[in-house]
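A.B. asks: Got a structure for you, target_35.json, holding JSON, C-alpha atoms.
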[["chain", "number", "residue", "atom", "x", "y", "z"],
["A", 1, "MET", "CA", 5.64, 18.65, -18.56],
["A", 2, "SER", "CA", 5.53, 15.82, -21.05],
["A", 3, "ARG", "CA", 2.24, 14.30, -22.05],
["A", 4, "PHE", "CA", 3.35, 10.71, -21.52],
["A", 5, "PRO", "CA", 3.94, 9.73, -17.85],
["A", 6, "ILE", "CA", 7.09, 7.73, -18.59],
["A", 7, "GLY", "CA", 8.20, 7.55, -14.93],
["A", 8, "HIS", "CA", 4.88, 6.11, -13.85],
["A", 9, "VAL", "CA", 4.79, 3.57, -16.67],
["A", 10, "LEU", "CA", 8.32, 2.39, -15.80],
["A", 11, "GLY", "CA", 7.40, 2.19, -12.11],
["A", 12, "PHE", "CA", 4.32, 0.14, -12.98],
["A", 13, "LEU", "CA", 6.27, -2.27, -15.21],
["A", 14, "PHE", "CA", 8.96, -2.77, -12.55],
["A", 15, "SER", "CA", 6.26, -3.34, -9.90],
["A", 16, "LEU", "CA", 4.58, -5.98, -12.08],
["A", 17, "LEU", "CA", 7.93, -7.65, -12.68],
["A", 18, "LEU", "CA", 8.74, -7.71, -8.94],
["A", 19, "THR", "CA", 5.26, -9.04, -8.04],
["A", 20, "PHE", "CA", 5.42, -11.89, -10.55],
["A", 21, "ALA", "CA", 9.04, -12.66, -9.60],
["A", 22, "ALA", "CA", 8.03, -12.95, -5.93],
["A", 23, "ALA", "CA", 5.01, -15.13, -6.77],
["A", 24, "GLY", "CA", 7.09, -17.34, -9.07],
["A", 25, "ILE", "CA", 9.85, -17.83, -6.50],
["A", 26, "ALA", "CA", 7.37, -18.55, -3.70],
["A", 27, "LEU", "CA", 5.02, -20.85, -5.61],
["A", 28, "LYS", "CA", 7.13, -22.53, -8.32],
["A", 29, "THR", "CA", 10.57, -23.17, -6.81],
["A", 30, "SER", "CA", 11.63, -25.69, -4.17],
["A", 31, "LEU", "CA", 14.16, -23.49, -2.37],
["A", 32, "SER", "CA", 14.18, -23.62, 1.44],
["A", 33, "PHE", "CA", 11.58, -21.62, 3.37],
["A", 34, "LYS", "CA", 14.24, -19.30, 4.76],
["A", 35, "THR", "CA", 15.81, -18.58, 1.37],
["A", 36, "ILE", "CA", 12.43, -17.88, -0.22],
["A", 37, "MET", "CA", 11.40, -15.53, 2.60],
["A", 38, "TRP", "CA", 14.64, -13.53, 2.34],
["A", 39, "ILE", "CA", 14.30, -13.20, -1.43],
["A", 40, "ILE", "CA", 10.60, -12.25, -1.56],
["A", 41, "GLY", "CA", 11.00, -9.99, 1.51],
["A", 42, "GLY", "CA", 13.80, -8.19, -0.33],
["A", 43, "LEU", "CA", 11.65, -7.86, -3.45],
["A", 44, "ALA", "CA", 8.82, -6.37, -1.34],
["A", 45, "VAL", "CA", 11.17, -3.74, 0.12],
["A", 46, "VAL", "CA", 12.45, -2.85, -3.37],
["A", 47, "GLN", "CA", 8.87, -2.48, -4.64],
["A", 48, "ALA", "CA", 7.92, -0.28, -1.67],
["A", 49, "GLY", "CA", 10.93, 1.93, -2.45],
["A", 50, "LEU", "CA", 9.82, 2.08, -6.08],
["A", 51, "GLN", "CA", 6.33, 3.26, -5.08],
["A", 52, "LEU", "CA", 7.80, 5.89, -2.75],
["A", 53, "THR", "CA", 10.17, 7.37, -5.31],
["A", 54, "MET", "CA", 8.30, 6.88, -8.62],
["A", 55, "PHE", "CA", 4.64, 7.23, -7.56],
["A", 56, "MET", "CA", 4.66, 9.23, -4.32],
["A", 57, "HIS", "CA", 7.18, 11.93, -5.33],
["A", 58, "VAL", "CA", 9.00, 11.59, -2.00],
["A", 59, "ASN", "CA", 12.09, 13.25, -3.49],
["A", 60, "GLU", "CA", 10.43, 16.53, -4.38],
["A", 61, "GLY", "CA", 9.43, 19.61, -2.42],
["A", 62, "GLU", "CA", 11.56, 21.58, 0.00],
["A", 63, "ASP", "CA", 10.71, 19.14, 2.82],
["A", 64, "ARG", "CA", 12.06, 16.02, 1.08],
["A", 65, "HIS", "CA", 14.73, 15.45, 3.72],
["A", 66, "SER", "CA", 12.16, 15.58, 6.53],
["A", 67, "GLN", "CA", 9.91, 13.25, 4.50],
["A", 68, "TRP", "CA", 12.70, 10.71, 4.11],
["A", 69, "ILE", "CA", 13.79, 10.92, 7.76],
["A", 70, "ASN", "CA", 10.20, 10.46, 8.88],
["A", 71, "ILE", "CA", 9.55, 7.45, 6.60],
["A", 72, "LEU", "CA", 12.88, 5.82, 7.47],
["A", 73, "TYR", "CA", 12.13, 6.28, 11.18],
["A", 74, "GLY", "CA", 8.71, 4.66, 10.61],
["A", 75, "VAL", "CA", 10.41, 1.73, 8.86],
["A", 76, "PHE", "CA", 12.98, 1.49, 11.69],
["A", 77, "LEU", "CA", 10.14, 1.24, 14.25],
["A", 78, "ALA", "CA", 8.30, -1.28, 12.06],
["A", 79, "VAL", "CA", 11.35, -3.57, 11.92],
["A", 80, "ILE", "CA", 11.85, -3.33, 15.70],
["A", 81, "ILE", "CA", 8.15, -4.03, 16.39],
["A", 82, "VAL", "CA", 7.79, -6.96, 13.99],
["A", 83, "ALA", "CA", 11.19, -8.64, 14.42],
["A", 84, "GLY", "CA", 11.24, -7.88, 18.16],
["A", 85, "SER", "CA", 7.78, -9.37, 18.74],
["A", 86, "ILE", "CA", 8.55, -12.53, 16.81],
["A", 87, "TRP", "CA", 11.96, -12.88, 18.49],
["A", 88, "VAL", "CA", 10.78, -12.37, 22.06],
["A", 89, "MET", "CA", 7.74, -14.64, 21.60],
["A", 90, "SER", "CA", 9.89, -17.44, 20.21],
["A", 91, "PHE", "CA", 11.31, -18.31, 23.66],
["A", 92, "GLY", "CA", 9.99, -21.29, 25.62],
["A", 93, "GLY", "CA", 7.73, -22.29, 22.77],
["A", 94, "THR", "CA", 7.74, -26.07, 23.20],
["A", 95, "HIS", "CA", 3.97, -26.22, 23.63],
["A", 96, "SER", "CA", 1.96, -25.48, 20.52],
["A", 97, "HIS", "CA", -1.44, -23.98, 21.17],
["B", 1, "MET", "CA", 18.86, 25.13, -12.61],
["B", 2, "SER", "CA", 19.53, 24.35, -8.98],
["B", 3, "ALA", "CA", 16.73, 23.39, -6.61],
["B", 4, "LYS", "CA", 17.15, 26.67, -4.75],
["B", 5, "ALA", "CA", 16.64, 28.79, -7.85],
["B", 6, "TYR", "CA", 13.01, 28.05, -8.61],
["B", 7, "GLY", "CA", 10.42, 30.68, -7.85],
["B", 8, "THR", "CA", 7.12, 29.86, -6.20],
["B", 9, "SER", "CA", 5.24, 30.08, -9.49],
["B", 10, "SER", "CA", 7.24, 27.23, -11.07],
["B", 11, "LEU", "CA", 6.19, 24.85, -8.31],
["B", 12, "PRO", "CA", 3.28, 22.46, -8.94],
["B", 13, "LEU", "CA", -0.06, 23.88, -7.81],
["B", 14, "GLU", "CA", -0.20, 21.74, -4.65],
["B", 15, "TYR", "CA", 3.10, 23.16, -3.30],
["B", 16, "GLN", "CA", 2.38, 26.85, -3.92],
["B", 17, "SER", "CA", 1.31, 28.02, -0.48],
["B", 18, "GLU", "CA", 3.13, 27.58, 2.81],
["B", 19, "GLN", "CA", -0.09, 26.09, 4.21],
["B", 20, "SER", "CA", -0.19, 23.43, 1.47],
["B", 21, "ARG", "CA", 3.47, 22.53, 1.96],
["B", 22, "MET", "CA", 2.81, 22.11, 5.69],
["B", 23, "ASN", "CA", -0.29, 19.98, 4.99],
["B", 24, "ILE", "CA", 1.70, 17.69, 2.69],
["B", 25, "LEU", "CA", 4.57, 17.35, 5.18],
["B", 26, "GLY", "CA", 2.00, 16.70, 7.91],
["B", 27, "PHE", "CA", 0.47, 13.96, 5.84],
["B", 28, "TRP", "CA", 3.87, 12.30, 5.42],
["B", 29, "ILE", "CA", 4.18, 12.31, 9.21],
["B", 30, "PHE", "CA", 0.72, 10.70, 9.45],
["B", 31, "LEU", "CA", 1.90, 8.02, 7.01],
["B", 32, "GLY", "CA", 4.85, 7.37, 9.33],
["B", 33, "ALA", "CA", 2.34, 6.68, 12.12],
["B", 34, "GLU", "CA", 0.37, 4.43, 9.76],
["B", 35, "ILE", "CA", 3.53, 2.40, 9.12],
["B", 36, "VAL", "CA", 3.77, 1.82, 12.87],
["B", 37, "LEU", "CA", 0.05, 0.92, 13.12],
["B", 38, "PHE", "CA", 0.41, -1.74, 10.44],
["B", 39, "ALA", "CA", 3.71, -2.90, 11.94],
["B", 40, "THR", "CA", 1.93, -3.78, 15.21],
["B", 41, "LEU", "CA", -0.62, -5.84, 13.25],
["B", 42, "PHE", "CA", 2.12, -7.55, 11.21],
["B", 43, "GLY", "CA", 3.95, -8.23, 14.48],
["B", 44, "VAL", "CA", 0.89, -9.92, 16.02],
["B", 45, "TYR", "CA", 0.33, -11.91, 12.84],
["B", 46, "GLY", "CA", 4.00, -12.93, 12.71],
["B", 47, "VAL", "CA", 3.77, -14.28, 16.27],
["B", 48, "LEU", "CA", 0.44, -16.10, 15.83],
["B", 49, "TYR", "CA", 0.52, -17.28, 12.22],
["B", 50, "GLU", "CA", 1.05, -20.96, 13.05],
["B", 51, "ARG", "CA", -1.44, -21.11, 15.95],
["B", 52, "TYR", "CA", -4.15, -22.97, 14.03],
["B", 53, "ALA", "CA", -5.87, -24.41, 17.16],
["B", 54, "GLY", "CA", -6.95, -27.44, 15.11],
["B", 55, "GLY", "CA", -8.66, -25.17, 12.57],
["B", 56, "PRO", "CA", -7.82, -24.59, 8.91],
["B", 57, "THR", "CA", -4.24, -23.73, 7.88],
["B", 58, "HIS", "CA", -3.09, -21.31, 5.16],
["B", 59, "GLN", "CA", -3.01, -24.01, 2.52],
["B", 60, "ASP", "CA", -6.56, -25.07, 3.43],
["B", 61, "ILE", "CA", -8.13, -21.69, 2.77],
["B", 62, "ILE", "CA", -5.96, -19.35, 0.65],
["B", 63, "MET", "CA", -7.22, -18.93, -2.91],
["B", 64, "ILE", "CA", -4.00, -17.76, -4.55],
["B", 65, "ARG", "CA", -5.57, -17.05, -7.97],
["B", 66, "GLU", "CA", -8.07, -14.60, -6.44],
["B", 67, "VAL", "CA", -5.28, -13.04, -4.36],
["B", 68, "MET", "CA", -3.18, -12.49, -7.51],
["B", 69, "ILE", "CA", -6.14, -10.72, -9.15],
["B", 70, "GLN", "CA", -6.64, -8.52, -6.06],
["B", 71, "THR", "CA", -2.92, -7.68, -6.16],
["B", 72, "MET", "CA", -3.13, -6.71, -9.84],
["B", 73, "LEU", "CA", -6.22, -4.55, -9.24],
["B", 74, "LEU", "CA", -4.60, -2.61, -6.40],
["B", 75, "LEU", "CA", -1.22, -2.30, -8.13],
["B", 76, "THR", "CA", -2.87, -1.02, -11.31],
["B", 77, "SER", "CA", -4.99, 1.42, -9.28],
["B", 78, "SER", "CA", -1.81, 2.79, -7.69],
["B", 79, "PHE", "CA", -0.42, 3.33, -11.20],
["B", 80, "THR", "CA", -3.60, 5.03, -12.50],
["B", 81, "CYS", "CA", -3.61, 7.24, -9.40],
["B", 82, "GLY", "CA", -0.05, 8.28, -10.27],
["B", 83, "VAL", "CA", -1.18, 9.09, -13.82],
["B", 84, "ALA", "CA", -4.05, 11.16, -12.36],
["B", 85, "ILE", "CA", -1.53, 13.33, -10.46],
["B", 86, "HIS", "CA", 0.55, 13.57, -13.64],
["B", 87, "GLU", "CA", -2.53, 14.86, -15.49],
["B", 88, "MET", "CA", -3.22, 17.32, -12.68],
["B", 89, "ARG", "CA", 0.30, 18.75, -13.07],
["B", 90, "ARG", "CA", -0.30, 19.18, -16.79],
["B", 91, "GLY", "CA", -3.28, 21.31, -15.79],
["B", 92, "SER", "CA", -5.82, 18.87, -17.22],
["B", 93, "LEU", "CA", -8.87, 18.64, -14.94],
["B", 94, "LYS", "CA", -10.57, 16.24, -17.35],
["B", 95, "GLY", "CA", -7.56, 13.91, -17.42],
["B", 96, "LEU", "CA", -7.27, 14.06, -13.64],
["B", 97, "LEU", "CA", -10.94, 13.19, -13.10],
["B", 98, "THR", "CA", -10.87, 10.39, -15.70],
["B", 99, "TRP", "CA", -7.88, 8.66, -14.14],
["B", 100, "LEU", "CA", -9.20, 9.22, -10.60],
["B", 101, "VAL", "CA", -12.48, 7.52, -11.50],
["B", 102, "ILE", "CA", -10.58, 4.59, -13.08],
["B", 103, "THR", "CA", -8.53, 4.38, -9.87],
["B", 104, "LEU", "CA", -11.68, 4.21, -7.75],
["B", 105, "LEU", "CA", -13.28, 1.56, -9.98],
["B", 106, "LEU", "CA", -10.17, -0.61, -9.60],
["B", 107, "GLY", "CA", -10.21, 0.03, -5.84],
["B", 108, "ALA", "CA", -13.89, -0.96, -5.68],
["B", 109, "GLY", "CA", -13.08, -4.12, -7.66],
["B", 110, "PHE", "CA", -10.38, -4.96, -5.13],
["B", 111, "LEU", "CA", -12.78, -4.41, -2.25],
["B", 112, "TYR", "CA", -15.50, -6.52, -3.88],
["B", 113, "MET", "CA", -13.05, -9.42, -4.28],
["B", 114, "GLU", "CA", -11.74, -9.09, -0.74],
["B", 115, "ILE", "CA", -15.26, -9.14, 0.75],
["B", 116, "ASN", "CA", -16.07, -12.22, -1.36],
["B", 117, "GLU", "CA", -12.84, -13.82, -0.14],
["B", 118, "PHE", "CA", -13.78, -13.19, 3.51],
["B", 119, "MET", "CA", -17.31, -14.56, 2.96],
["B", 120, "HIS", "CA", -15.81, -17.66, 1.36],
["B", 121, "TYR", "CA", -13.54, -18.21, 4.38],
["B", 122, "VAL", "CA", -16.45, -17.82, 6.80],
["B", 123, "HIS", "CA", -18.50, -20.36, 4.81],
["B", 124, "GLU", "CA", -15.55, -22.74, 5.08],
["B", 125, "GLY", "CA", -15.71, -22.36, 8.85],
["B", 126, "ALA", "CA", -12.65, -20.07, 9.05],
["B", 127, "THR", "CA", -13.87, -17.15, 11.17],
["B", 128, "MET", "CA", -12.17, -14.63, 13.45],
["B", 129, "GLN", "CA", -13.10, -16.86, 16.42],
["B", 130, "THR", "CA", -11.65, -20.07, 14.97],
["B", 131, "SER", "CA", -7.99, -19.66, 15.90],
["B", 132, "ALA", "CA", -5.32, -17.13, 16.86],
["B", 133, "PHE", "CA", -3.99, -17.39, 13.30],
["B", 134, "LEU", "CA", -7.36, -16.38, 11.84],
["B", 135, "SER", "CA", -7.96, -13.63, 14.44],
["B", 136, "SER", "CA", -4.68, -11.93, 13.55],
["B", 137, "PHE", "CA", -5.26, -12.63, 9.84],
["B", 138, "PHE", "CA", -8.69, -10.99, 9.75],
["B", 139, "VAL", "CA", -7.59, -8.02, 11.89],
["B", 140, "LEU", "CA", -4.59, -7.27, 9.64],
["B", 141, "LEU", "CA", -6.50, -7.79, 6.37],
["B", 142, "GLY", "CA", -9.63, -6.07, 7.70],
["B", 143, "THR", "CA", -7.71, -2.99, 8.82],
["B", 144, "HIS", "CA", -6.23, -2.67, 5.34],
["B", 145, "GLY", "CA", -9.66, -3.22, 3.73],
["B", 146, "LEU", "CA", -11.19, -0.54, 5.97],
["B", 147, "HIS", "CA", -8.45, 1.86, 4.87],
["B", 148, "VAL", "CA", -9.29, 1.15, 1.23],
["B", 149, "THR", "CA", -13.01, 1.72, 1.95],
["B", 150, "PHE", "CA", -12.23, 5.01, 3.65],
["B", 151, "GLY", "CA", -9.91, 5.99, 0.79],
["B", 152, "ILE", "CA", -12.69, 5.45, -1.76],
["B", 153, "LEU", "CA", -15.16, 7.60, 0.22],
["B", 154, "TRP", "CA", -12.52, 10.29, 0.75],
["B", 155, "ALA", "CA", -11.59, 10.35, -2.95],
["B", 156, "ILE", "CA", -15.27, 10.69, -3.91],
["B", 157, "MET", "CA", -15.50, 13.79, -1.72],
["B", 158, "VAL", "CA", -12.35, 15.23, -3.33],
["B", 159, "ILE", "CA", -13.82, 14.54, -6.80],
["B", 160, "ILE", "CA", -16.99, 16.45, -5.81],
["B", 161, "GLN", "CA", -14.84, 19.43, -4.76],
["B", 162, "LEU", "CA", -12.88, 19.25, -8.03],
["B", 163, "LEU", "CA", -16.15, 19.33, -9.97],
["B", 164, "GLN", "CA", -17.44, 22.29, -7.94],
["B", 165, "ARG", "CA", -14.27, 24.41, -7.72],
["B", 166, "GLY", "CA", -11.98, 23.19, -10.50],
["B", 167, "LEU", "CA", -8.20, 23.01, -10.10],
["B", 168, "THR", "CA", -7.07, 25.48, -7.43],
["B", 169, "PRO", "CA", -4.03, 25.36, -5.14],
["B", 170, "VAL", "CA", -6.34, 24.00, -2.42],
["B", 171, "THR", "CA", -8.09, 21.26, -4.45],
["B", 172, "ALA", "CA", -4.74, 20.31, -6.03],
["B", 173, "ARG", "CA", -3.24, 19.88, -2.56],
["B", 174, "LYS", "CA", -6.21, 17.75, -1.43],
["B", 175, "THR", "CA", -5.92, 15.60, -4.54],
["B", 176, "PHE", "CA", -2.18, 15.15, -4.07],
["B", 177, "ILE", "CA", -2.71, 14.05, -0.44],
["B", 178, "ILE", "CA", -5.42, 11.45, -1.25],
["B", 179, "GLY", "CA", -2.97, 10.24, -3.93],
["B", 180, "LEU", "CA", -0.26, 9.73, -1.29],
["B", 181, "TYR", "CA", -2.76, 7.83, 0.87],
["B", 182, "TRP", "CA", -3.79, 5.59, -2.03],
["B", 183, "HIS", "CA", -0.19, 4.71, -2.97],
["B", 184, "PHE", "CA", 0.51, 3.98, 0.70],
["B", 185, "LEU", "CA", -2.33, 1.42, 0.78],
["B", 186, "ASP", "CA", -0.72, -0.36, -2.16],
["B", 187, "VAL", "CA", 2.62, -0.37, -0.32],
["B", 188, "VAL", "CA", 0.92, -2.03, 2.69],
["B", 189, "TRP", "CA", -0.67, -4.56, 0.33],
["B", 190, "ILE", "CA", 2.76, -5.51, -1.10],
["B", 191, "PHE", "CA", 3.73, -6.62, 2.41],
["B", 192, "ILE", "CA", 0.42, -8.41, 3.03],
["B", 193, "PHE", "CA", 0.81, -10.21, -0.30],
["B", 194, "THR", "CA", 4.38, -11.21, 0.56],
["B", 195, "PHE", "CA", 4.23, -11.98, 4.28],
["B", 196, "VAL", "CA", 0.68, -13.31, 4.58],
["B", 197, "TYR", "CA", -0.28, -14.95, 1.29],
["B", 198, "LEU", "CA", 3.03, -16.00, -0.32],
["B", 199, "LYS", "CA", 4.55, -16.95, 3.04],
["B", 200, "GLY", "CA", 1.41, -18.96, 3.85],
["B", 201, "MET", "CA", 1.67, -20.86, 0.57],
["B", 202, "VAL", "CA", 5.37, -21.66, 1.15],
["B", 203, "SER", "CA", 5.31, -22.82, 4.78]]
Mind converting the file's structure to structure tokens?

C.D. replies:
Amino acid sequence: MSRFPIGHVLGFLFSLLLTFAAAGIALKTSLSFKTIMWIIGGLAVVQAGLQLTMFMHVNEGEDRHSQWINILYGVFLAVIIVAGSIWVMSFGGTHSH
Amino acid sequence: MSAKAYGTSSLPLEYQSEQSRMNILGFWIFLGAEIVLFATLFGVYGVLYERYAGGPTHQDIIMIREVMIQTMLLLTSSFTCGVAIHEMRRGSLKGLLTWLVITLLLGAGFLYMEINEFMHYVHEGATMQTSAFLSSFFVLLGTHGLHVTFGILWAIMVIIQLLQRGLTPVTARKTFIIGLYWHFLDVVWIFIFTFVYLKGMVS
């Protein structure tokens, strides 16, 4: 195994780039709220994938398929829970308290 | 060489016994449950984030400079934790311990800043009881902060075992698993940074 952790350094640099890109887009541009949220949400998902593959070694070991299926199922549930809650609670919301 | 061809001895230390492989897979399943735990808190926050009840809004309280520093501390600690595992796989106990301690110092720095941030909010009159927005905000952020606190204590115990027993298949497995946990906390933070802080500054 090489002395220099090149994969980790690359993962770190990409993560920094994605973090500053998200902050820059959110704080320094005048795009619409919806556009900004889609872009920075996408960047967050990319960075999470980066951490999984480059830092957490999800692709190694004989159980890598089970690991991926499990994580993707967790993400599937997360999307249903978050998007579903916001969607269902958005009905009849004319009063604001 | 195909993946099937490797013998047990060429595997990293933490994968060498069946028990360790099961422990690591089990921990991945636990992380799946953690994703769902945080999803429920993000869901509540997403529903309530504009319910200010006449209290402070995001723009009134968020200190984005401090949040950027917290983000850098945690992101860097995730990187140094990765380097620690890299050192472990090179068989270097000294390198592993050095990078683990750096990781914990960065984690402690993050925690110190987050506690200061919370105290600042409370002094400004933004408490858990102020509004639905702040209740869901503090529960989501506090749950993450508690996880970081627990991670630091857990890692200290693993470091003690590494000092006592050295690098064995068992201590390597324990170190690898606390590493997974630590990276996971950074992944959760990416979403807090994006969907709580940046979103709050945009809306």

A.B. asks: Report as a list in words all protein, DNA and RNA residues lying within 12 Å of range 72-74 of chain A, evaluated on all atoms listed in the file, omitting residues in the same chain fewer than 3 positions from it.

C.D. replies: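 In the requested form, the answer reads Gly49, Leu52, Val58, His65, Ser66, Gln67, Trp68, Ile69, Leu77, Ala78, Val79, Ile80 and Ile81 of chain A; Trp28, Ile29, Phe30, Leu31, Gly32, Ala33, Glu34, Ile35, Val36, Leu37, Phe38, Ala39 and Thr40 of chain B.
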
A.B. asks: Give me, please, the distance in Å between CA of Leu111 in chain B and CA of Phe195 in chain B, quoted to one decimal.

C.D. replies: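 A separation of 19.7 Å between them.
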
A.B. asks: Within 8 Å of chain A, which residues of chain B are there when counting all atoms listed in the file? Please give them as JSON, numbers by chain.

C.D. replies: {"B": [15, 21, 25, 28, 29, 31, 32, 33, 35, 36, 39, 40, 42, 43, 44, 46, 47, 51, 52, 53, 75, 76, 78, 79, 82, 83, 86, 89, 90, 179, 180, 183, 187, 190, 191, 194, 195, 198, 199, 201, 202, 203]}

A.B. asks: With C-alpha atoms kept, could you save the residues just selected as a JSON list (two decimals), in the coordinates of the input?

C.D. replies:
[["chain", "number", "residue", "atom", "x", "y", "z"],
["B", 15, "TYR", "CA", 3.10, 23.16, -3.30],
["B", 21, "ARG", "CA", 3.47, 22.53, 1.96],
["B", 25, "LEU", "CA", 4.57, 17.35, 5.18],
["B", 28, "TRP", "CA", 3.87, 12.30, 5.42],
["B", 29, "ILE", "CA", 4.18, 12.31, 9.21],
["B", 31, "LEU", "CA", 1.90, 8.02, 7.01],
["B", 32, "GLY", "CA", 4.85, 7.37, 9.33],
["B", 33, "ALA", "CA", 2.34, 6.68, 12.12],
["B", 35, "ILE", "CA", 3.53, 2.40, 9.12],
["B", 36, "VAL", "CA", 3.77, 1.82, 12.87],
["B", 39, "ALA", "CA", 3.71, -2.90, 11.94],
["B", 40, "THR", "CA", 1.93, -3.78, 15.21],
["B", 42, "PHE", "CA", 2.12, -7.55, 11.21],
["B", 43, "GLY", "CA", 3.95, -8.23, 14.48],
["B", 44, "VAL", "CA", 0.89, -9.92, 16.02],
["B", 46, "GLY", "CA", 4.00, -12.93, 12.71],
["B", 47, "VAL", "CA", 3.77, -14.28, 16.27],
["B", 51, "ARG", "CA", -1.44, -21.11, 15.95],
["B", 52, "TYR", "CA", -4.15, -22.97, 14.03],
["B", 53, "ALA", "CA", -5.87, -24.41, 17.16],
["B", 75, "LEU", "CA", -1.22, -2.30, -8.13],
["B", 76, "THR", "CA", -2.87, -1.02, -11.31],
["B", 78, "SER", "CA", -1.81, 2.79, -7.69],
["B", 79, "PHE", "CA", -0.42, 3.33, -11.20],
["B", 82, "GLY", "CA", -0.05, 8.28, -10.27],
["B", 83, "VAL", "CA", -1.18, 9.09, -13.82],
["B", 86, "HIS", "CA", 0.55, 13.57, -13.64],
["B", 89, "ARG", "CA", 0.30, 18.75, -13.07],
["B", 90, "ARG", "CA", -0.30, 19.18, -16.79],
["B", 179, "GLY", "CA", -2.97, 10.24, -3.93],
["B", 180, "LEU", "CA", -0.26, 9.73, -1.29],
["B", 183, "HIS", "CA", -0.19, 4.71, -2.97],
["B", 187, "VAL", "CA", 2.62, -0.37, -0.32],
["B", 190, "ILE", "CA", 2.76, -5.51, -1.10],
["B", 191, "PHE", "CA", 3.73, -6.62, 2.41],
["B", 194, "THR", "CA", 4.38, -11.21, 0.56],
["B", 195, "PHE", "CA", 4.23, -11.98, 4.28],
["B", 198, "LEU", "CA", 3.03, -16.00, -0.32],
["B", 199, "LYS", "CA", 4.55, -16.95, 3.04],
["B", 201, "MET", "CA", 1.67, -20.86, 0.57],
["B", 202, "VAL", "CA", 5.37, -21.66, 1.15],
["B", 203, "SER", "CA", 5.31, -22.82, 4.78]]

A.B. asks: Hey, which of B:Met128, B:Leu93, B:Leu74, B:Val196 ends up closest to Gly145 in chain B? Count all atoms listed in the file.

C.D. replies: B:Leu74

A.B. asks: Would you pick out the contacts of Ile156 in chain B at 10 Å or less, using only C-alpha atoms, so that residues sharing its chain but fewer than 4 positions from it are not included, and give the list as a ChimeraX atom specification?

C.D. replies: /B:100-101,104,150-152,160-162

A.B. asks: With C-alpha atoms retained, could you export that selection as a tab-separated table (two decimals), in the frame of the given file?

C.D. replies:
chain	number	residue	atom	x	y	z
B	100	LEU	CA	-9.20	9.22	-10.60
B	101	VAL	CA	-12.48	7.52	-11.50
B	104	LEU	CA	-11.68	4.21	-7.75
B	150	PHE	CA	-12.23	5.01	3.65
B	151	GLY	CA	-9.91	5.99	0.79
B	152	ILE	CA	-12.69	5.45	-1.76
B	160	ILE	CA	-16.99	16.45	-5.81
B	161	GLN	CA	-14.84	19.43	-4.76
B	162	LEU	CA	-12.88	19.25	-8.03

A.B. asks: For Gly91 in chain B, find every residue with an atom within 12 Å (counting all atoms listed in the file), except residues of its own chain fewer than 3 positions away, and show them as a list in words.

C.D. replies: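 In the requested form, the answer reads Met1, Ser2 and Arg3 of chain A; Pro12, Leu13, Glu14, Ala84, Ile85, His86, Glu87, Met88, Lys94, Gly95, Leu96, Leu97, Gly166, Leu167, Thr168, Pro169 and Ala172 of chain B.
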
A.B. asks: Please compute the CA of Gly55 in chain B-CA of Thr130 in chain B distance, one decimal, in Å.

C.D. replies: 6.4 Å

A.B. asks: For a test of reading the model, state the distance in Å between CA of Val148 in chain B and CA of Ile39 in chain A, rounded to one decimal.

C.D. replies: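 So the two atoms, CA of Val148 in chain B and CA of Ile39 in chain A, lie 27.7 Å apart.
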
A.B. asks: Output requested as a PDB file, in the frame of the given file - range 166-173 of chain B, filled out with N, CA, C and O atoms.

C.D. replies:
ATOM      1  N   GLY B 166     -13.046  23.271  -9.509  1.00  0.00           N
ATOM      2  CA  GLY B 166     -11.980  23.190 -10.500  1.00  0.00           C
ATOM      3  C   GLY B 166     -10.628  23.015  -9.830  1.00  0.00           C
ATOM      4  O   GLY B 166     -10.547  22.751  -8.631  1.00  0.00           O
ATOM      5  N   LEU B 167      -9.557  23.177 -10.625  1.00  0.00           N
ATOM      6  CA  LEU B 167      -8.200  23.010 -10.100  1.00  0.00           C
ATOM      7  C   LEU B 167      -7.719  24.311  -9.467  1.00  0.00           C
ATOM      8  O   LEU B 167      -7.460  25.286 -10.163  1.00  0.00           O
ATOM      9  N   THR B 168      -7.626  24.329  -8.143  1.00  0.00           N
ATOM     10  CA  THR B 168      -7.070  25.480  -7.430  1.00  0.00           C
ATOM     11  C   THR B 168      -5.913  24.962  -6.586  1.00  0.00           C
ATOM     12  O   THR B 168      -5.753  23.745  -6.441  1.00  0.00           O
ATOM     13  N   PRO B 169      -5.093  25.857  -6.025  1.00  0.00           N
ATOM     14  CA  PRO B 169      -4.030  25.360  -5.140  1.00  0.00           C
ATOM     15  C   PRO B 169      -4.574  24.484  -4.020  1.00  0.00           C
ATOM     16  O   PRO B 169      -3.918  23.523  -3.609  1.00  0.00           O
ATOM     17  N   VAL B 170      -5.784  24.784  -3.532  1.00  0.00           N
ATOM     18  CA  VAL B 170      -6.340  24.000  -2.420  1.00  0.00           C
ATOM     19  C   VAL B 170      -6.835  22.626  -2.902  1.00  0.00           C
ATOM     20  O   VAL B 170      -6.494  21.599  -2.311  1.00  0.00           O
ATOM     21  N   THR B 171      -7.609  22.579  -3.982  1.00  0.00           N
ATOM     22  CA  THR B 171      -8.090  21.260  -4.450  1.00  0.00           C
ATOM     23  C   THR B 171      -6.932  20.422  -4.967  1.00  0.00           C
ATOM     24  O   THR B 171      -6.938  19.196  -4.815  1.00  0.00           O
ATOM     25  N   ALA B 172      -5.909  21.062  -5.561  1.00  0.00           N
ATOM     26  CA  ALA B 172      -4.740  20.310  -6.030  1.00  0.00           C
ATOM     27  C   ALA B 172      -4.022  19.667  -4.843  1.00  0.00           C
ATOM     28  O   ALA B 172      -3.612  18.508  -4.908  1.00  0.00           O
ATOM     29  N   ARG B 173      -3.901  20.429  -3.747  1.00  0.00           N
ATOM     30  CA  ARG B 173      -3.240  19.880  -2.560  1.00  0.00           C
ATOM     31  C   ARG B 173      -4.041  18.697  -2.004  1.00  0.00           C
ATOM     32  O   ARG B 173      -3.482  17.661  -1.650  1.00  0.00           O
TER      33      ARG B 173
END
